[in-house]
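The next block is start_1.cif, given as mmCIF, C-alpha atoms.
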```cif
data_entry
#
loop_
_atom_site.label_atom_id
_atom_site.label_comp_id
_atom_site.auth_asym_id
_atom_site.auth_seq_id
_atom_site.Cartn_x
_atom_site.Cartn_y
_atom_site.Cartn_z
CA MET I 23 16.88 12.96 -10.47
CA ALA I 24 14.10 15.41 -11.08
CA ARG I 25 13.65 18.10 -8.46
CA ALA I 26 10.20 18.29 -6.88
CA THR I 27 8.31 21.50 -7.47
CA LYS I 28 6.46 23.54 -4.89
CA ARG I 29 3.23 23.49 -6.89
CA MET I 30 0.36 22.41 -4.73
CA VAL I 31 -3.15 23.67 -5.01
CA GLY I 32 -5.85 22.65 -2.70
CA PRO I 33 -7.73 21.45 -1.13
CA GLU I 34 -9.09 18.65 -3.30
CA VAL I 35 -12.81 18.66 -3.94
CA PRO I 36 -13.97 17.64 -0.44
CA PRO I 37 -16.84 15.32 0.34
CA PRO I 38 -19.91 16.89 1.92
CA VAL I 39 -19.22 18.05 5.47
CA GLY I 40 -19.43 15.11 7.83
CA ARG I 41 -19.26 12.42 5.14
CA LEU I 42 -16.26 10.19 5.72
CA ARG I 43 -14.48 8.40 2.90
CA LEU I 44 -13.50 4.75 2.52
CA GLY I 45 -10.55 3.72 0.40
CA PHE I 46 -8.38 0.75 -0.52
CA PRO I 47 -4.81 0.24 -1.75
CA VAL I 48 -3.42 -0.34 -5.22
CA LYS I 49 -4.76 -3.62 -6.68
CA VAL I 50 -8.34 -3.75 -7.94
CA MET I 51 -9.63 -7.22 -7.06
CA GLY I 52 -13.03 -6.60 -8.64
CA ARG I 53 -11.39 -6.03 -12.01
CA PRO I 54 -8.22 -8.10 -12.27
CA ASP I 55 -7.67 -6.76 -15.78
CA LEU I 56 -7.03 -3.25 -14.42
CA LYS I 57 -3.30 -2.83 -13.90
CA SER I 58 -2.05 -0.47 -11.19
CA ASN I 59 1.29 0.40 -12.83
CA ASP I 60 3.61 -0.39 -15.72
CA THR I 61 5.39 -3.57 -14.57
CA ARG I 62 7.55 -4.16 -17.65
CA ARG I 63 11.26 -4.69 -17.13
CA TRP I 64 13.66 -1.88 -18.00
CA GLN I 65 14.56 -3.49 -21.33
CA ALA I 66 10.99 -2.79 -22.53
CA ASP I 67 11.28 0.93 -21.68
CA PRO I 68 8.43 1.18 -19.14
CA HIS I 69 7.12 4.64 -18.43
CA LEU I 70 5.07 6.69 -16.00
CA ARG I 71 2.74 7.70 -18.85
CA VAL I 72 1.70 4.07 -19.25
CA SER I 73 1.03 3.82 -15.50
CA LEU I 74 -1.09 6.98 -15.69
CA GLU I 75 -3.22 5.44 -18.43
CA TYR I 76 -3.81 2.47 -16.14
CA LEU I 77 -4.60 4.85 -13.28
CA ASP I 78 -7.16 6.68 -15.41
CA ALA I 79 -8.97 3.38 -16.00
CA ILE I 80 -8.94 2.68 -12.25
CA PHE I 81 -10.47 6.12 -11.64
CA GLY I 82 -13.35 5.04 -13.86
CA TYR I 83 -13.88 1.92 -11.75
CA LEU I 84 -13.77 3.99 -8.55
CA GLY I 85 -16.34 6.40 -9.93
CA ARG I 86 -18.72 3.63 -10.97
CA HIS I 87 -18.61 2.16 -7.48
CA GLY I 88 -18.71 5.43 -5.54
CA ILE I 89 -15.25 4.96 -4.03
CA ASP I 90 -13.53 8.26 -3.32
CA MET I 91 -10.18 7.34 -1.76
CA TYR I 92 -7.38 5.31 -3.34
CA ARG I 93 -3.74 4.49 -2.63
CA MET I 94 -1.66 4.54 -5.79
CA SER I 95 1.12 2.08 -6.51
CA SER I 96 4.49 3.23 -5.19
CA ASP I 97 5.93 1.89 -8.47
CA LEU I 98 3.95 4.32 -10.60
CA ALA I 99 7.16 5.70 -12.14
CA PRO I 100 9.32 2.63 -12.88
CA TYR I 101 13.08 3.03 -12.35
CA ALA I 102 12.65 6.80 -11.90
CA THR I 103 15.38 6.91 -9.24
CA HIS I 104 17.43 3.84 -10.13
CA PRO I 105 21.07 4.94 -9.73
CA ASP I 106 22.28 2.88 -12.69
CA MET I 107 19.56 3.88 -15.16
CA PRO I 108 19.78 7.60 -15.85
CA GLN I 109 17.58 7.23 -18.92
CA PHE I 110 14.58 7.08 -16.55
CA HIS I 111 15.55 9.96 -14.26
CA THR I 112 13.59 12.66 -16.11
CA MET I 113 10.47 10.54 -16.42
CA VAL I 114 8.44 12.42 -13.81
CA ARG I 115 9.40 15.87 -15.10
CA ASP I 116 8.73 14.81 -18.70
CA SER I 117 5.23 13.64 -17.69
CA ALA I 118 4.22 16.93 -16.03
CA ALA I 119 1.28 17.56 -18.38
CA ASP I 120 0.01 13.99 -18.00
CA LEU I 121 0.26 14.20 -14.21
CA ALA I 122 -1.63 17.50 -14.23
CA ALA I 123 -4.43 15.92 -16.28
CA VAL I 124 -4.71 12.94 -13.94
CA GLY I 125 -4.71 15.25 -10.93
CA ALA I 126 -7.45 17.38 -12.47
CA ARG I 127 -9.62 14.31 -12.94
CA ALA I 128 -8.96 13.19 -9.36
CA ARG I 129 -10.00 16.60 -8.01
CA ALA I 130 -13.10 16.73 -10.20
CA GLN I 131 -14.05 13.25 -9.02
CA GLY I 132 -13.41 14.13 -5.36
CA LEU I 133 -10.75 11.43 -5.04
CA ARG I 134 -8.31 11.45 -2.14
CA LEU I 135 -5.03 9.94 -3.36
CA SER I 136 -1.91 8.83 -1.51
CA PHE I 137 1.27 6.79 -1.73
CA HIS I 138 2.64 4.23 0.71
CA PRO I 139 6.31 3.79 -0.29
CA SER I 140 7.76 0.32 0.11
CA GLN I 141 9.43 -1.17 3.17
CA TYR I 142 12.78 -0.43 1.53
CA ILE I 143 12.29 3.27 2.27
CA VAL I 144 14.18 3.65 5.57
CA LEU I 145 14.96 7.10 6.96
CA ASN I 146 16.48 6.00 10.27
CA SER I 147 19.15 3.72 8.87
CA PRO I 148 22.73 4.21 10.13
CA ASP I 149 23.77 3.75 6.49
CA PRO I 150 23.77 7.21 4.87
CA GLU I 151 23.57 5.70 1.38
CA LEU I 152 20.31 3.92 2.20
CA VAL I 153 18.94 7.16 3.63
CA ARG I 154 20.00 9.00 0.47
CA LYS I 155 18.27 6.47 -1.79
CA SER I 156 15.15 6.53 0.40
CA THR I 157 15.06 10.31 0.24
CA ALA I 158 15.38 10.22 -3.55
CA ASP I 159 12.39 7.88 -3.84
CA LEU I 160 10.31 10.05 -1.53
CA LEU I 161 11.24 13.19 -3.43
CA SER I 162 10.16 11.59 -6.70
CA GLN I 163 6.78 10.62 -5.27
CA ALA I 164 6.32 14.04 -3.69
CA GLU I 165 7.01 15.59 -7.07
CA MET I 166 4.30 13.46 -8.66
CA LEU I 167 1.75 14.59 -6.07
CA ASP I 168 2.81 18.21 -6.58
CA LEU I 169 2.59 17.96 -10.37
CA MET I 170 -0.89 16.47 -9.97
CA GLU I 171 -1.63 19.69 -8.07
CA LEU I 172 -3.15 17.79 -5.19
CA GLY I 173 -3.79 19.41 -1.82
CA PRO I 174 -2.35 18.51 1.59
CA GLU I 175 -4.63 15.46 2.00
CA ALA I 176 -2.49 13.66 -0.59
CA VAL I 177 0.31 12.18 1.50
CA MET I 178 3.10 9.63 1.52
CA VAL I 179 2.79 7.17 4.42
CA ILE I 180 5.91 5.46 5.73
CA HIS I 181 7.02 3.51 8.81
CA VAL I 182 9.83 4.45 11.16
CA GLY I 183 12.19 1.73 9.88
CA GLY I 184 14.55 -0.60 11.73
CA THR I 185 15.51 -0.69 15.39
CA TYR I 186 19.17 -1.60 14.73
CA GLY I 187 19.48 -2.89 18.29
CA ASP I 188 18.51 0.42 19.92
CA ARG I 189 14.94 1.61 19.42
CA GLU I 190 15.38 4.96 21.17
CA ALA I 191 18.46 5.80 19.14
CA SER I 192 16.60 4.80 15.99
CA ASN I 193 13.74 7.15 16.89
CA ALA I 194 16.22 9.97 17.43
CA ARG I 195 17.94 9.22 14.12
CA TRP I 196 14.56 9.48 12.32
CA VAL I 197 14.05 12.90 13.87
CA GLU I 198 17.51 14.03 12.79
CA THR I 199 16.94 12.81 9.23
CA PHE I 200 13.52 14.44 8.98
CA HIS I 201 14.87 17.92 9.61
CA GLY I 202 17.27 17.53 6.68
CA LEU I 203 14.70 16.25 4.16
CA PRO I 204 13.75 18.36 1.13
CA GLU I 205 10.75 20.60 1.76
CA PRO I 206 8.37 18.73 -0.61
CA VAL I 207 9.06 15.50 1.27
CA ARG I 208 8.54 17.01 4.72
CA ARG I 209 5.30 18.60 3.51
CA ARG I 210 3.86 15.33 2.18
CA LEU I 211 5.27 12.83 4.67
CA VAL I 212 3.06 11.03 7.22
CA LEU I 213 4.34 8.51 9.77
CA GLU I 214 2.58 5.29 10.82
CA HIS I 215 3.26 3.04 13.80
CA ASP I 216 3.72 -0.65 13.03
CA ASP I 217 2.91 -4.03 14.55
CA ILE I 218 6.29 -5.39 15.63
CA ARG I 219 8.86 -2.59 16.13
CA PHE I 220 7.62 0.97 16.63
CA SER I 221 4.47 1.58 18.63
CA ALA I 222 2.07 4.49 18.82
CA SER I 223 4.17 5.81 21.72
CA ASP I 224 7.22 5.94 19.44
CA VAL I 225 5.56 7.88 16.64
CA LEU I 226 3.93 10.29 19.10
CA TRP I 227 7.41 10.99 20.50
CA ILE I 228 8.72 11.57 16.98
CA HIS I 229 5.81 13.92 16.25
CA GLN I 230 6.68 15.99 19.32
CA HIS I 231 10.18 16.52 17.92
CA THR I 232 9.28 17.05 14.25
CA GLY I 233 5.63 18.01 13.82
CA VAL I 234 5.19 15.20 11.28
CA ARG I 235 1.58 14.07 10.86
CA LEU I 236 0.69 10.58 12.06
CA ILE I 237 -1.50 7.70 10.93
CA PHE I 238 -3.39 5.51 13.41
CA ASP I 239 -3.52 1.84 12.41
CA HIS I 240 -6.14 -0.15 14.32
CA GLN I 241 -4.62 -3.62 13.93
CA HIS I 242 -1.08 -2.42 14.55
CA PHE I 243 -2.19 -0.77 17.77
CA LEU I 244 -3.73 -4.02 19.02
CA CYS I 245 -0.59 -5.98 18.11
CA LEU I 246 1.97 -3.58 19.60
CA ASN I 247 1.08 -1.40 22.56
CA PRO I 248 3.80 -1.98 25.16
CA ASP I 249 2.84 1.12 27.15
CA ARG I 250 -0.79 -0.02 27.39
CA LEU I 251 -2.12 3.22 26.01
CA ASP I 252 -5.87 3.70 25.89
CA MET I 253 -7.08 3.26 22.32
CA GLY I 254 -9.62 6.10 22.30
CA GLU I 255 -7.19 8.59 23.77
CA THR I 256 -4.42 7.46 21.41
CA VAL I 257 -6.57 7.77 18.30
CA ARG I 258 -7.51 11.31 19.27
CA ARG I 259 -3.91 12.28 19.99
CA ILE I 260 -2.85 10.97 16.59
CA LEU I 261 -5.74 12.68 14.79
CA ASP I 262 -4.72 15.92 16.49
CA THR I 263 -1.35 15.83 14.72
CA TRP I 264 -3.14 16.95 11.55
CA PRO I 265 -3.92 20.63 10.86
CA GLU I 266 -7.52 21.64 11.50
CA ASP I 267 -8.15 22.31 7.81
CA VAL I 268 -6.84 18.91 6.62
CA ARG I 269 -8.88 15.80 7.31
CA PRO I 270 -6.87 12.96 8.90
CA LYS I 271 -7.10 9.38 7.79
CA ILE I 272 -6.58 6.08 9.56
CA HIS I 273 -5.89 2.50 8.53
CA PHE I 274 -8.23 -0.34 9.44
CA SER I 275 -7.92 -4.10 8.99
CA SER I 276 -8.91 -7.25 10.83
CA PRO I 277 -6.55 -10.12 11.73
CA ARG I 278 -6.71 -13.45 9.97
CA THR I 279 -8.37 -16.09 12.11
CA GLU I 280 -8.54 -19.18 9.93
CA LEU I 281 -6.58 -22.35 10.52
CA ARG I 282 -3.96 -22.82 7.81
CA GLU I 283 -2.73 -26.07 6.29
CA LEU I 284 0.90 -26.09 5.21
CA LYS I 285 3.10 -28.71 3.57
CA ARG I 286 6.31 -29.28 5.56
CA LYS I 287 9.11 -31.80 5.38
CA ASP I 288 9.50 -33.89 8.53
CA ARG I 289 13.07 -33.49 9.83
CA LYS I 290 13.29 -37.13 10.91
CA THR I 291 11.54 -38.98 8.10
CA ARG I 292 12.24 -36.37 5.37
CA LYS I 293 8.72 -36.96 4.16
CA VAL I 294 6.33 -34.11 3.31
CA LYS I 295 3.33 -33.92 5.60
CA THR I 296 0.41 -31.60 6.15
CA VAL I 297 0.49 -29.57 9.36
CA HIS I 298 -2.08 -27.25 10.89
CA VAL I 299 -0.80 -23.78 11.68
CA ALA I 300 -2.51 -21.25 13.93
CA PRO I 301 -3.09 -17.73 12.60
CA ILE I 302 -0.62 -14.91 13.16
CA TRP I 303 -2.48 -11.87 14.46
CA THR I 304 -0.31 -9.45 12.49
CA GLY I 305 -1.66 -10.96 9.26
CA HIS I 306 -4.48 -9.10 7.52
CA ALA I 307 -7.77 -10.87 6.87
CA ASP I 308 -9.35 -10.89 3.43
CA TYR I 309 -12.31 -8.86 4.68
CA VAL I 310 -13.03 -6.44 7.51
CA HIS I 311 -14.80 -7.83 10.57
CA PRO I 312 -17.93 -5.64 10.42
CA PHE I 313 -18.76 -5.66 14.12
CA GLU I 314 -15.19 -4.78 15.07
CA PHE I 315 -15.22 -1.88 12.62
CA MET I 316 -18.62 -0.61 13.75
CA GLY I 317 -17.62 -0.74 17.40
CA PHE I 318 -14.51 1.27 16.61
CA MET I 319 -16.48 3.90 14.69
CA ARG I 320 -19.07 4.17 17.50
CA SER I 321 -16.26 5.04 19.89
CA LEU I 322 -15.20 8.05 17.79
CA THR I 323 -18.39 9.91 16.95
CA ASP I 324 -16.74 13.20 17.91
CA ARG I 325 -14.11 13.12 15.14
CA GLU I 326 -14.00 13.17 11.34
CA PHE I 327 -11.44 11.06 9.49
CA ASP I 328 -11.22 8.97 6.35
CA VAL I 329 -10.57 5.24 6.51
CA MET I 330 -8.15 3.26 4.35
CA ILE I 331 -9.27 -0.37 4.34
CA GLU I 332 -6.18 -2.60 4.34
CA ALA I 333 -7.92 -5.93 3.91
CA LYS I 334 -6.44 -8.41 1.46
CA ALA I 335 -9.61 -8.38 -0.65
CA LYS I 336 -9.09 -4.62 -1.10
CA ASP I 337 -12.00 -3.07 -3.05
CA LEU I 338 -14.12 -6.19 -2.52
CA ALA I 339 -13.77 -5.76 1.25
CA LEU I 340 -14.87 -2.14 0.96
CA ILE I 341 -17.84 -3.04 -1.24
CA ARG I 342 -18.85 -5.73 1.26
CA LEU I 343 -18.47 -3.43 4.26
CA ARG I 344 -20.92 -0.78 3.06
CA PRO I 345 -24.08 -2.94 3.05
CA ASP I 346 -22.89 -4.56 6.28
CA MET I 347 -22.91 -1.12 7.90
CA LEU I 348 -26.39 -0.39 6.63
CA ARG I 349 -27.60 -3.76 7.85
CA TYR I 350 -26.04 -3.76 11.30
CA ALA I 351 -25.20 -0.15 12.17
CA PRO I 352 -27.07 2.42 10.06
CA GLU I 353 -25.91 5.22 12.37
CA VAL I 354 -22.34 4.36 11.37
CA ALA I 355 -23.26 3.99 7.69
CA VAL I 356 -24.72 7.49 7.54
CA ARG I 357 -21.32 8.93 8.49
CA PHE I 358 -20.01 7.51 5.20
CA GLY I 359 -22.88 9.04 3.24
CA LEU I 360 -24.86 5.80 3.03
CA ASP I 361 -28.64 5.72 3.30
CA LEU I 362 -30.99 2.85 4.08
CA ALA I 363 -32.71 3.51 0.76
CA GLU I 364 -29.48 2.33 -0.91
CA THR I 365 -29.47 -1.08 0.78
CA ALA I 366 -30.85 -3.00 -2.18
CA ARG I 367 -28.49 -1.30 -4.62
CA LEU I 368 -25.42 -1.94 -2.47
CA ASP I 369 -26.46 -5.55 -1.86
CA ALA I 370 -26.78 -6.03 -5.61
CA GLU I 371 -23.43 -4.33 -6.21
CA GLU I 372 -21.75 -6.61 -3.68
CA ALA I 373 -23.33 -9.73 -5.16
CA GLY I 374 -22.41 -8.71 -8.68
CA VAL I 375 -18.82 -7.65 -8.15
CA ILE I 376 -17.80 -10.30 -5.64
CA ALA I 377 -19.61 -13.15 -7.35
CA GLU I 378 -18.09 -12.13 -10.66
CA SER I 379 -14.60 -11.95 -9.19
CA THR I 380 -14.80 -15.19 -7.21
CA ALA I 381 -16.96 -17.32 -9.48
CA VAL I 382 -16.56 -21.09 -8.96
CA PRO I 383 -15.44 -22.72 -12.22
CA VAL I 384 -17.89 -25.10 -13.86
CA PRO I 385 -16.71 -28.64 -13.05
CA ALA I 386 -15.75 -31.00 -15.81
CA GLU I 387 -17.88 -34.07 -16.41
CA GLY I 388 -17.29 -36.58 -13.64
CA ASP I 389 -16.27 -33.91 -11.11
CA SER I 390 -18.53 -32.49 -8.43
CA LEU I 391 -18.91 -29.08 -6.84
CA ALA I 392 -18.40 -30.76 -3.48
CA ASP I 393 -14.97 -31.90 -4.62
CA GLU I 394 -14.19 -28.40 -5.90
CA ALA I 395 -15.24 -26.80 -2.59
CA ALA I 396 -13.19 -29.27 -0.58
#
```
Rewrite the structure from the file as structure tokens, please.
Amino acid sequence: MARATKRMVGPEVPPPVGRLRLGFPVKVMGRPDLKSNDTRRWQADPHLRVSLEYLDAIFGYLGRHGIDMYRMSSDLAPYATHPDMPQFHTMVRDSAADLAAVGARARAQGLRLSFHPSQYIVLNSPDPELVRKSTADLLSQAEMLDLMELGPEAVMVIHVGGTYGDREASNARWVETFHGLPEPVRRRLVLEHDDIRFSASDVLWIHQHTGVRLIFDHQHFLCLNPDRLDMGETVRRILDTWPEDVRPKIHFSSPRTELRELKRKDRKTRKVKTVHVAPIWTGHADYVHPFEFMGFMRSLTDREFDVMIEAKAKDLALIRLRPDMLRYAPEVAVRFGLDLAETARLDAEEAGVIAESTAVPVPAEGDSLADEAA
């Protein structure tokens, strides 16, 4: 496994003072042809360099649409830490020049980049082998950020992990593991509370014992807040875990509200039937509820932070949200560098990108659009 370097220049080219950034994760819905990483199986010899070519094309899309924050795929370097495939273990180190070039473009473009390693990265597991593998993956991703020469805003966001029947002991085990992590990992790591296991109270306790930076997630906070913490106070406490010279970021999404229809087999008759299923509030909606987002932003006019949009429609949700802000809350829009004079352009951008990505197919003769919509 390649050893992460200590190279880190910074900060990245910042946005104008006071202008907050909006970002989205990984998949580009507005351009389905843009791949986020090399997904070929090991037999085809996939490589980080291929992923970086894909990433360069995504940077072009981000620049055309004025998007200046992006979460990269956690699979950017395929099989780089796979224990049974040593042929891939030097991939990151061998791609140092390519990573430096991509990082230079990101800095020139003012892009804030990050990773969100998968749910299989667990630092509080009682199984030392799982912790070792998790640490190896984190070290590889930290090395990529370092070789890109990105500043301290470029982070790796993870969750606490599993409760293993004892949440407090699991919190303590995370703290113990953190202190033994390699320096590049500790420097890049950021911890996020989740929606079913570890609340904002848990990660604030962990911060007190480690100093790790924290991420506030709006939907997770609403789903899991057993201590009934005040949202405004909690957001500020979490933002305060970041150094003064590094801008924090938060995650924002809205819950799915639509009624779902599912096909299920009746246990008695064994026949398949359609059932109506209520939404699960932990599920992310395709788009961001604009009024919910604007209300949240109005409650935090005293702080600066970037916002990662975690809606299922990804970039389309971001592109839709910007004209919504101008239309309904221009005082919020201006914080993201948007101006009322841009309303027509952003409306046209939304109509063009979203209509192009979600175009209704032309019905065959004898069909009707009503049937297609139904």
Atom pair CA of Leu70 in chain I / CA of Gln131 in chain I: separation (Å) = 21.4 Å
I'd like the box whose edges run along x, y and z of the file and which contains every listed atom of range 346-357 of chain I, padded by 3 Å per side; could you state its centre and edge lengths in Å, one decimal, as lines of an AutoDock Vina configuration file?
```
center_x = -24.5
center_y = 2.2
center_z = 9.3
size_x = 12.3
size_y = 19.5
size_z = 12.1
```
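Checking I:Val257, I:Gly85, I:Pro108, I:Gln230 one by one against Ala130 in chain I, counting all atoms listed in the file, you find the shortest gap at I:Gly85.
Once Ala339 in chain I and its same-chain neighbours fewer than 5 positions away are set aside, I:Leu44, I:Gly45, I:Phe46, I:Pro47, I:Val50, I:Met51, I:Gly52, I:Phe274, I:Ser275, I:Ser276, I:His306, I:Ala307, I:Asp308, I:Tyr309, I:Val310, I:His311, I:Pro312, I:Met330, I:Ile331, I:Glu332, I:Ala333, I:Lys334, I:Arg344, I:Pro345, I:Asp346, I:Glu372, I:Val375, I:Ile376 remain within 12 Å of it when counting only C-alpha atoms.
For the structure shown here, the set of residues caught by the PyMOL selection byres ((chain I and resi 153) around 12) is Tyr142, Ile143, Val144, Leu145, Asn146, Ser147, Pro148, Asp149, Pro150, Glu151, Leu152, Arg154, Lys155, Ser156, Thr157, Ala158, Asp159, Leu160, Gly183, Arg195, Trp196, Glu198, Thr199, Phe200, Gly202 and Leu203 of chain I.
Distances here use all atoms listed in the file; by that measure, the residue among I:Pro100, I:Gly132, I:Pro68, I:Pro277 closest to Ile302 in chain I is I:Pro277.
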Could you state which residues are captured by the PyMOL selection byres ((chain I and resi 261) around 8) in this file, as a PyMOL selection string?
-> chain I and resi 236-238+257-260+262-264+270-271+327
Please, could you write that set of residues out with C-alpha atoms as a short mmCIF file (atom, residue, chain, number, x, y, z; two decimals), in the coordinates of the input?
```cif
data_model
loop_
_atom_site.label_atom_id
_atom_site.label_comp_id
_atom_site.auth_asym_id
_atom_site.auth_seq_id
_atom_site.Cartn_x
_atom_site.Cartn_y
_atom_site.Cartn_z
CA LEU I 236 0.69 10.58 12.06
CA ILE I 237 -1.50 7.70 10.93
CA PHE I 238 -3.39 5.51 13.41
CA VAL I 257 -6.57 7.77 18.30
CA ARG I 258 -7.51 11.31 19.27
CA ARG I 259 -3.91 12.28 19.99
CA ILE I 260 -2.85 10.97 16.59
CA ASP I 262 -4.72 15.92 16.49
CA THR I 263 -1.35 15.83 14.72
CA TRP I 264 -3.14 16.95 11.55
CA PRO I 270 -6.87 12.96 8.90
CA LYS I 271 -7.10 9.38 7.79
CA PHE I 327 -11.44 11.06 9.49
#
```
Pairwise distance for CA of Asp217 in chain I and CA of Val197 in chain I, rounded to one decimal in Å | 20.3 Å
